[in-house]
file input_24.txt (compact mmCIF, C-alpha atoms)
# COMPACT_ATOMS: atom_id res chain seq x y z
CA MET A 1 6.78 -47.64 -2.17
CA ARG A 2 6.14 -43.92 -2.09
CA ARG A 3 4.98 -42.22 -5.27
CA SER A 4 7.62 -39.54 -4.90
CA PHE A 5 10.18 -42.26 -5.55
CA TYR A 6 9.11 -42.83 -9.15
CA PRO A 7 10.44 -39.58 -10.68
CA THR A 8 13.72 -40.07 -8.82
CA LYS A 9 13.97 -43.66 -9.98
CA TYR A 10 13.44 -42.81 -13.65
CA ALA A 11 15.78 -39.83 -13.44
CA SER A 12 18.46 -42.07 -11.96
CA LEU A 13 17.88 -44.65 -14.69
CA ARG A 14 18.23 -41.99 -17.39
CA GLU A 15 21.46 -40.73 -15.85
CA ALA A 16 22.77 -44.28 -15.58
CA LEU A 17 22.05 -45.07 -19.24
CA SER A 18 23.27 -41.72 -20.57
CA PRO A 19 26.98 -42.76 -20.68
CA ARG A 20 26.05 -45.84 -22.71
CA PHE A 21 24.19 -43.75 -25.28
CA GLU A 22 27.12 -41.35 -25.51
CA LYS A 23 29.51 -44.29 -25.91
CA ALA A 24 27.35 -45.73 -28.69
CA SER A 25 27.26 -42.38 -30.49
CA SER A 26 31.03 -42.08 -30.15
CA TRP A 27 31.46 -45.58 -31.60
CA VAL A 28 29.23 -44.69 -34.55
CA ARG A 29 31.24 -41.56 -35.32
CA GLU A 30 34.49 -43.48 -35.04
CA HIS A 31 33.33 -46.23 -37.41
CA ARG A 32 31.38 -44.01 -39.76
CA ARG A 33 33.35 -45.02 -42.86
CA PRO A 34 33.02 -48.82 -42.34
CA LEU A 35 29.31 -48.36 -41.66
CA SER A 36 28.99 -46.43 -44.92
CA TRP A 37 30.61 -49.31 -46.77
CA VAL A 38 28.24 -51.76 -45.07
CA THR A 39 25.16 -49.80 -46.13
CA THR A 40 26.53 -49.56 -49.67
CA LEU A 41 27.08 -53.32 -49.72
CA VAL A 42 23.53 -53.89 -48.50
CA ALA A 43 22.17 -51.63 -51.24
CA VAL A 44 24.18 -53.38 -53.97
CA SER A 45 23.17 -56.79 -52.62
CA GLY A 46 19.51 -55.77 -52.66
CA LEU A 47 19.82 -54.52 -56.23
CA THR A 48 21.58 -57.72 -57.28
CA TRP A 49 18.88 -59.89 -55.71
CA THR A 50 16.11 -57.86 -57.36
CA LEU A 51 17.74 -58.15 -60.77
CA SER A 52 18.35 -61.87 -60.28
CA THR A 53 14.60 -62.39 -59.92
CA HIS A 54 13.93 -60.42 -63.11
CA GLY A 55 16.38 -61.91 -65.57
CA GLY A 56 19.72 -60.90 -64.06
CA TRP A 57 22.00 -58.01 -64.94
CA ALA A 58 21.46 -58.73 -68.64
CA SER A 59 17.90 -57.47 -68.25
CA LEU A 60 19.29 -53.95 -67.98
CA THR A 61 20.37 -54.11 -71.62
CA GLU A 62 16.81 -55.01 -72.60
CA ALA A 63 15.27 -52.05 -70.83
CA LYS A 64 14.16 -49.25 -73.10
CA LEU A 65 13.47 -45.67 -72.17
CA THR A 66 10.17 -44.68 -73.76
CA ARG A 67 9.67 -41.30 -72.09
CA ALA A 68 12.90 -39.50 -71.30
CA SER A 69 10.95 -36.58 -69.83
CA TYR A 70 9.73 -38.81 -66.98
CA LEU A 71 13.29 -39.80 -66.14
CA VAL A 72 14.44 -36.18 -66.17
CA MET A 73 11.52 -35.22 -63.93
CA ALA A 74 12.33 -38.00 -61.46
CA VAL A 75 15.99 -36.95 -61.31
CA LEU A 76 15.04 -33.31 -60.74
CA LEU A 77 12.43 -34.11 -58.09
CA TRP A 78 14.75 -36.31 -56.04
CA PRO A 79 16.88 -33.46 -54.63
CA LEU A 80 13.70 -31.43 -54.15
CA ASN A 81 12.24 -34.27 -52.11
CA LEU A 82 15.34 -34.42 -49.93
CA GLY A 83 15.35 -30.64 -49.68
CA LEU A 84 11.83 -30.67 -48.27
CA GLU A 85 12.86 -33.30 -45.74
CA ALA A 86 15.93 -31.25 -44.80
CA TRP A 87 13.80 -28.13 -44.34
CA LYS A 88 11.38 -30.06 -42.13
CA TRP A 89 14.18 -31.56 -40.03
CA ARG A 90 15.86 -28.16 -39.68
CA LYS A 91 12.61 -26.60 -38.47
CA LEU A 92 11.83 -29.32 -35.95
CA SER A 93 15.37 -29.77 -34.63
CA SER A 94 15.85 -26.01 -34.32
CA ASP A 95 12.60 -25.67 -32.38
CA ALA A 96 13.73 -28.51 -30.12
CA LEU A 97 16.72 -26.38 -29.13
CA GLY A 98 14.57 -23.37 -28.36
CA HIS A 99 12.66 -20.71 -30.25
CA GLY A 100 14.87 -18.43 -32.28
CA THR A 101 17.46 -21.14 -32.92
CA SER A 102 18.47 -21.69 -36.55
CA ARG A 103 20.68 -24.67 -37.27
CA SER A 104 23.19 -24.71 -40.11
CA TRP A 105 21.87 -25.96 -43.44
CA ALA A 106 25.12 -27.83 -44.11
CA VAL A 107 24.83 -29.73 -40.83
CA VAL A 108 21.16 -30.51 -41.42
CA TRP A 109 21.82 -31.80 -44.93
CA LYS A 110 24.56 -34.07 -43.60
CA GLU A 111 22.24 -35.51 -40.95
CA VAL A 112 19.45 -36.14 -43.45
CA LEU A 113 21.77 -37.86 -45.92
CA VAL A 114 23.27 -40.04 -43.20
CA GLY A 115 19.78 -40.95 -42.04
CA GLN A 116 18.75 -41.86 -45.58
CA THR A 117 21.79 -44.12 -45.83
CA TRP A 118 21.04 -45.80 -42.53
CA ALA A 119 17.44 -46.29 -43.67
CA LEU A 120 18.69 -49.16 -45.83
CA LEU A 121 19.38 -51.16 -42.67
CA GLY A 122 16.03 -50.97 -40.89
CA PRO A 123 12.27 -50.62 -41.41
CA PHE A 124 9.75 -47.95 -40.44
CA ARG A 125 12.30 -45.12 -40.56
CA LEU A 126 13.81 -46.31 -37.28
CA ALA A 127 17.27 -46.59 -38.80
CA ASP A 128 16.79 -43.18 -40.43
CA GLY A 129 16.16 -41.57 -37.06
CA ALA A 130 19.04 -43.44 -35.43
CA GLY A 131 21.38 -42.27 -38.17
CA ARG A 132 20.37 -38.65 -37.77
CA LEU A 133 20.61 -38.63 -34.00
CA ALA A 134 24.00 -40.34 -34.14
CA THR A 135 25.28 -37.61 -36.46
CA VAL A 136 23.89 -34.48 -34.76
CA ASP A 137 26.54 -32.06 -33.56
CA ASP A 138 24.52 -30.68 -30.65
CA PRO A 139 24.48 -33.01 -27.62
CA ARG A 140 21.04 -31.71 -26.64
CA LEU A 141 19.58 -33.40 -29.72
CA LYS A 142 21.00 -36.76 -28.71
CA SER A 143 18.46 -36.93 -25.89
CA ALA A 144 14.67 -37.08 -25.88
CA ALA A 145 14.48 -33.67 -27.59
CA GLY A 146 16.05 -34.99 -30.79
CA ALA A 147 13.99 -38.18 -30.74
CA LYS A 148 10.80 -36.15 -30.29
CA ALA A 149 11.72 -33.85 -33.18
CA PHE A 150 12.25 -36.81 -35.48
CA ALA A 151 9.08 -38.52 -34.26
CA LEU A 152 7.03 -35.41 -35.02
CA GLY A 153 8.47 -35.26 -38.52
CA ALA A 154 7.71 -38.94 -39.10
CA ALA A 155 4.18 -38.51 -37.74
CA SER A 156 3.63 -35.56 -40.05
CA GLN A 157 4.81 -37.58 -43.04
CA GLY A 158 2.56 -40.47 -42.05
CA TRP A 159 -0.39 -38.09 -41.81
CA ALA A 160 0.37 -36.81 -45.32
CA THR A 161 0.47 -40.37 -46.67
CA TRP A 162 -2.95 -41.21 -45.25
CA PHE A 163 -4.26 -37.85 -46.48
CA PHE A 164 -3.64 -38.85 -50.08
CA ALA A 165 -5.14 -42.28 -49.45
CA VAL A 166 -8.58 -40.64 -49.25
CA PRO A 167 -8.82 -39.58 -52.93
CA ALA A 168 -7.11 -42.83 -53.95
CA LEU A 169 -9.83 -44.89 -52.27
CA ALA A 170 -12.53 -42.70 -53.79
CA LEU A 171 -11.10 -43.14 -57.29
CA VAL A 172 -11.19 -46.93 -57.08
CA GLY A 173 -14.78 -46.96 -55.87
CA PHE A 174 -14.41 -47.30 -52.09
CA GLY A 175 -16.35 -44.16 -51.24
CA LEU A 176 -17.42 -45.30 -47.77
CA TYR A 177 -13.89 -46.16 -46.71
CA ALA A 178 -12.67 -42.89 -48.17
CA GLY A 179 -15.25 -40.99 -46.14
CA VAL A 180 -14.36 -42.74 -42.88
CA LEU A 181 -10.66 -42.28 -43.47
CA GLY A 182 -11.21 -38.65 -44.42
CA LEU A 183 -13.02 -38.06 -41.14
CA LEU A 184 -10.14 -39.59 -39.20
CA ILE A 185 -7.64 -37.51 -41.15
CA ALA A 186 -9.63 -34.37 -40.36
CA LEU A 187 -9.68 -35.22 -36.66
CA VAL A 188 -5.94 -35.84 -36.65
CA GLY A 189 -5.47 -32.65 -38.65
CA ARG A 190 -6.86 -30.67 -35.74
CA TRP A 191 -4.10 -32.10 -33.57
CA VAL A 192 -1.31 -31.56 -36.12
CA PRO A 193 -1.08 -27.73 -35.95
CA MET A 194 -0.97 -27.86 -32.16
CA SER A 195 1.99 -30.23 -32.10
CA PHE A 196 4.22 -28.61 -34.70
CA HIS A 197 4.21 -25.69 -37.07
CA GLY A 198 1.61 -25.96 -39.83
CA SER A 199 4.31 -25.43 -42.44
CA VAL A 200 5.80 -28.79 -41.43
CA ALA A 201 2.54 -30.52 -42.34
CA ALA A 202 2.42 -28.61 -45.63
CA CYS A 203 6.01 -29.61 -46.32
CA SER A 204 5.11 -33.24 -45.69
CA LEU A 205 2.26 -33.00 -48.20
CA LEU A 206 4.58 -31.51 -50.82
CA ARG A 207 7.17 -34.17 -50.13
CA TYR A 208 4.61 -36.90 -50.73
CA VAL A 209 3.63 -35.29 -54.03
CA THR A 210 7.24 -35.20 -55.23
CA PHE A 211 7.82 -38.76 -54.01
CA ALA A 212 4.69 -40.17 -55.63
call {"tool": "encode", "arguments": {"input": "input_24.txt", "output": "structure tokens"}}
result
Amino acid sequence: MRRSFYPTKYASLREALSPRFEKASSWVREHRRPLSWVTTLVAVSGLTWTLSTHGGWASLTEAKLTRASYLVMAVLLWPLNLGLEAWKWRKLSSDALGHGTSRSWAVVWKEVLVGQTWALLGPFRLADGAGRLATVDDPRLKSAAGAKAFALGAASQGWATWFFAVPALALVGFGLYAGVLGLLIALVGRWVPMSFHGSVAACSLLRYVTFA
């Protein structure tokens, strides 16, 4: 088989599968409301199961709020956390469409919220990414460009998580492991600015702080 056949073969495969992806996206948009109810049911079921292992719903009446300021802080930081994720997704998805492109904040917020809802159905942010890409209004983002934008955002967030693991390991007395991990983080950090804007990495660090 000639090597020149390979690009043609994969291009043909992509074109053959493209209608199926478009059909799946159309089905998701058509059944968006039932899917929302399903994710809500999953969330309520998970909450019910968790409470059943800790004394049932009656345990809520026994809970006491000792520091109201912590609750207020958590409530205020939650939209900030989502806002940082929305900013990051807007930056990456806009760059995927070409430099100088600025996507609508309203559309970006909708995609992030849908992705967060879908995240209840799957692990490792896979469902989050699927939810966003199924909701995007620009068909160009339904291809590899959108998947790459989401993957870069997820990689940046993962890098931020491991970044904060370094001081955590040092605080509990694992200095050697902290040093090795810090070296790896530094090496990866040299790759990060070349793959996406440095502000995305900074945004990921801030998002981890608000989440933690």
call {"tool": "residues_around", "arguments": {"input": "input_24.txt", "residues": "stretch 116-120 of chain A", "least_positions_apart": "4", "cutoff": "9 Å", "atoms": "only C-alpha atoms", "output": "PyMOL selection string"}}
result
chain A and resi 35-36+39-40+42-43+111-112+124-132
call {"tool": "atom_distance", "arguments": {"input": "input_24.txt", "atom1": "atom CA of A:Pro79", "atom2": "atom CA of A:Phe211"}}
result
10.5 Å
call {"tool": "closest_residue", "arguments": {"input": "input_24.txt", "among": "A:Ala144, A:Ile185, A:Ala134, A:Ala160", "to": "A:Val209", "atoms": "only C-alpha atoms"}}
result
A:Ala160
call {"tool": "atom_distance", "arguments": {"input": "input_24.txt", "atom1": "atom CA of A:Ser104", "atom2": "atom CA of A:Val200"}}
result
17.9 Å
call {"tool": "closest_residue", "arguments": {"input": "input_24.txt", "among": "A:Val38, A:Leu92, A:Leu80, A:Cys203", "to": "A:Leu152", "atoms": "all atoms listed in the file"}}
result
A:Leu92
call {"tool": "atom_distance", "arguments": {"input": "input_24.txt", "atom1": "atom CA of A:Gly153", "atom2": "atom CA of A:Ala201"}}
result
8.5 Å
call {"tool": "residues_around", "arguments": {"input": "input_24.txt", "residues": "A:Leu206", "least_positions_apart": "5", "cutoff": "12 Å", "atoms": "all atoms listed in the file", "output": "PDB file with C-alpha atoms, in the frame of the given file"}}
result
ATOM      1  CA  LEU A  77      12.430 -34.110 -58.090  1.00  0.00           C
ATOM      2  CA  LEU A  80      13.700 -31.430 -54.150  1.00  0.00           C
ATOM      3  CA  ASN A  81      12.240 -34.270 -52.110  1.00  0.00           C
ATOM      4  CA  LEU A  82      15.340 -34.420 -49.930  1.00  0.00           C
ATOM      5  CA  GLY A  83      15.350 -30.640 -49.680  1.00  0.00           C
ATOM      6  CA  LEU A  84      11.830 -30.670 -48.270  1.00  0.00           C
ATOM      7  CA  GLU A  85      12.860 -33.300 -45.740  1.00  0.00           C
ATOM      8  CA  TRP A  87      13.800 -28.130 -44.340  1.00  0.00           C
ATOM      9  CA  LYS A  88      11.380 -30.060 -42.130  1.00  0.00           C
ATOM     10  CA  SER A 156       3.630 -35.560 -40.050  1.00  0.00           C
ATOM     11  CA  GLN A 157       4.810 -37.580 -43.040  1.00  0.00           C
ATOM     12  CA  ALA A 160       0.370 -36.810 -45.320  1.00  0.00           C
ATOM     13  CA  THR A 161       0.470 -40.370 -46.670  1.00  0.00           C
ATOM     14  CA  PHE A 163      -4.260 -37.850 -46.480  1.00  0.00           C
ATOM     15  CA  PHE A 164      -3.640 -38.850 -50.080  1.00  0.00           C
ATOM     16  CA  SER A 199       4.310 -25.430 -42.440  1.00  0.00           C
ATOM     17  CA  VAL A 200       5.800 -28.790 -41.430  1.00  0.00           C
ATOM     18  CA  ALA A 201       2.540 -30.520 -42.340  1.00  0.00           C
ATOM     19  CA  PHE A 211       7.820 -38.760 -54.010  1.00  0.00           C
ATOM     20  CA  ALA A 212       4.690 -40.170 -55.630  1.00  0.00           C
TER      21      ALA A 212
END
call {"tool": "closest_residue", "arguments": {"input": "input_24.txt", "among": "A:Leu205, A:Ala58, A:Leu121, A:Ala63", "to": "A:Gly46", "atoms": "all atoms listed in the file"}}
result
A:Leu121
call {"tool": "closest_residue", "arguments": {"input": "input_24.txt", "among": "A:Ala96, A:Thr61, A:Val75, A:Tyr208", "to": "A:Lys142", "atoms": "only C-alpha atoms"}}
result
A:Ala96
call {"tool": "decode", "arguments": {"input": "input_24.txt", "residues": "stretch 136-163 of chain A", "atoms": "N, CA, C and O atoms", "output": "tab-separated table (two decimals), in the first residue's frame"}}
result
chain	number	residue	atom	x	y	z
A	136	VAL	N	-22.28	24.17	21.18
A	136	VAL	CA	-21.67	25.29	20.47
A	136	VAL	C	-22.51	25.66	19.24
A	136	VAL	O	-23.09	24.80	18.58
A	137	ASP	N	-22.56	26.96	18.97
A	137	ASP	CA	-23.36	27.46	17.86
A	137	ASP	C	-22.58	27.53	16.55
A	137	ASP	O	-23.18	27.66	15.49
A	138	ASP	N	-21.26	27.46	16.64
A	138	ASP	CA	-20.43	27.53	15.45
A	138	ASP	C	-20.03	26.12	15.02
A	138	ASP	O	-19.39	25.40	15.78
A	139	PRO	N	-20.42	25.70	13.82
A	139	PRO	CA	-20.10	24.33	13.39
A	139	PRO	C	-18.61	24.02	13.34
A	139	PRO	O	-18.22	22.86	13.43
A	140	ARG	N	-17.78	25.04	13.23
A	140	ARG	CA	-16.34	24.81	13.19
A	140	ARG	C	-15.82	24.26	14.51
A	140	ARG	O	-14.80	23.56	14.55
A	141	LEU	N	-16.52	24.58	15.60
A	141	LEU	CA	-16.09	24.10	16.91
A	141	LEU	C	-16.58	22.69	17.21
A	141	LEU	O	-16.21	22.10	18.23
A	142	LYS	N	-17.42	22.15	16.34
A	142	LYS	CA	-17.89	20.78	16.53
A	142	LYS	C	-16.90	19.77	15.98
A	142	LYS	O	-17.10	18.56	16.09
A	143	SER	N	-15.83	20.25	15.38
A	143	SER	CA	-14.81	19.38	14.81
A	143	SER	C	-13.62	19.28	15.76
A	143	SER	O	-13.73	19.54	16.96
A	144	ALA	N	-12.47	18.95	15.19
A	144	ALA	CA	-11.26	18.79	16.01
A	144	ALA	C	-10.84	20.10	16.67
A	144	ALA	O	-10.22	20.08	17.73
A	145	ALA	N	-11.19	21.23	16.07
A	145	ALA	CA	-10.80	22.52	16.63
A	145	ALA	C	-11.42	22.73	18.00
A	145	ALA	O	-10.76	23.18	18.95
A	146	GLY	N	-12.70	22.42	18.14
A	146	GLY	CA	-13.37	22.56	19.43
A	146	GLY	C	-12.85	21.58	20.45
A	146	GLY	O	-12.65	21.92	21.63
A	147	ALA	N	-12.61	20.34	20.02
A	147	ALA	CA	-12.09	19.32	20.94
A	147	ALA	C	-10.70	19.71	21.43
A	147	ALA	O	-10.36	19.52	22.60
A	148	LYS	N	-9.88	20.27	20.54
A	148	LYS	CA	-8.53	20.69	20.93
A	148	LYS	C	-8.59	21.85	21.92
A	148	LYS	O	-7.83	21.88	22.89
A	149	ALA	N	-9.51	22.79	21.69
A	149	ALA	CA	-9.65	23.92	22.60
A	149	ALA	C	-10.03	23.45	24.00
A	149	ALA	O	-9.48	23.91	25.00
A	150	PHE	N	-10.97	22.51	24.07
A	150	PHE	CA	-11.36	22.00	25.38
A	150	PHE	C	-10.23	21.21	26.02
A	150	PHE	O	-10.00	21.30	27.23
A	151	ALA	N	-9.51	20.42	25.22
A	151	ALA	CA	-8.41	19.61	25.75
A	151	ALA	C	-7.31	20.50	26.32
A	151	ALA	O	-6.72	20.19	27.36
A	152	LEU	N	-7.03	21.62	25.66
A	152	LEU	CA	-6.02	22.54	26.17
A	152	LEU	C	-6.45	23.15	27.50
A	152	LEU	O	-5.65	23.31	28.42
A	153	GLY	N	-7.73	23.49	27.60
A	153	GLY	CA	-8.24	24.03	28.85
A	153	GLY	C	-8.16	23.01	29.98
A	153	GLY	O	-7.79	23.34	31.11
A	154	ALA	N	-8.51	21.75	29.67
A	154	ALA	CA	-8.44	20.70	30.67
A	154	ALA	C	-7.00	20.42	31.08
A	154	ALA	O	-6.71	20.19	32.26
A	155	ALA	N	-6.08	20.45	30.10
A	155	ALA	CA	-4.67	20.23	30.41
A	155	ALA	C	-4.13	21.35	31.29
A	155	ALA	O	-3.35	21.11	32.22
A	156	SER	N	-4.54	22.57	31.00
A	156	SER	CA	-4.11	23.70	31.82
A	156	SER	C	-4.61	23.57	33.25
A	156	SER	O	-3.88	23.84	34.21
A	157	GLN	N	-5.87	23.13	33.41
A	157	GLN	CA	-6.42	22.96	34.75
A	157	GLN	C	-5.72	21.82	35.49
A	157	GLN	O	-5.49	21.90	36.70
A	158	GLY	N	-5.39	20.76	34.76
A	158	GLY	CA	-4.65	19.67	35.38
A	158	GLY	C	-3.27	20.10	35.83
A	158	GLY	O	-2.80	19.71	36.91
A	159	TRP	N	-2.62	20.93	35.02
A	159	TRP	CA	-1.31	21.46	35.39
A	159	TRP	C	-1.41	22.29	36.66
A	159	TRP	O	-0.55	22.20	37.55
A	160	ALA	N	-2.46	23.10	36.77
A	160	ALA	CA	-2.65	23.93	37.96
A	160	ALA	C	-2.87	23.07	39.20
A	160	ALA	O	-2.37	23.38	40.30
A	161	THR	N	-3.59	21.96	39.04
A	161	THR	CA	-3.83	21.07	40.18
A	161	THR	C	-2.53	20.47	40.70
A	161	THR	O	-2.27	20.45	41.91
A	162	TRP	N	-1.70	19.98	39.78
A	162	TRP	CA	-0.41	19.41	40.20
A	162	TRP	C	0.53	20.49	40.72
A	162	TRP	O	1.38	20.21	41.58
A	163	PHE	N	0.39	21.70	40.25
A	163	PHE	CA	1.21	22.80	40.74
A	163	PHE	C	1.02	22.99	42.24
A	163	PHE	O	1.98	23.16	42.99
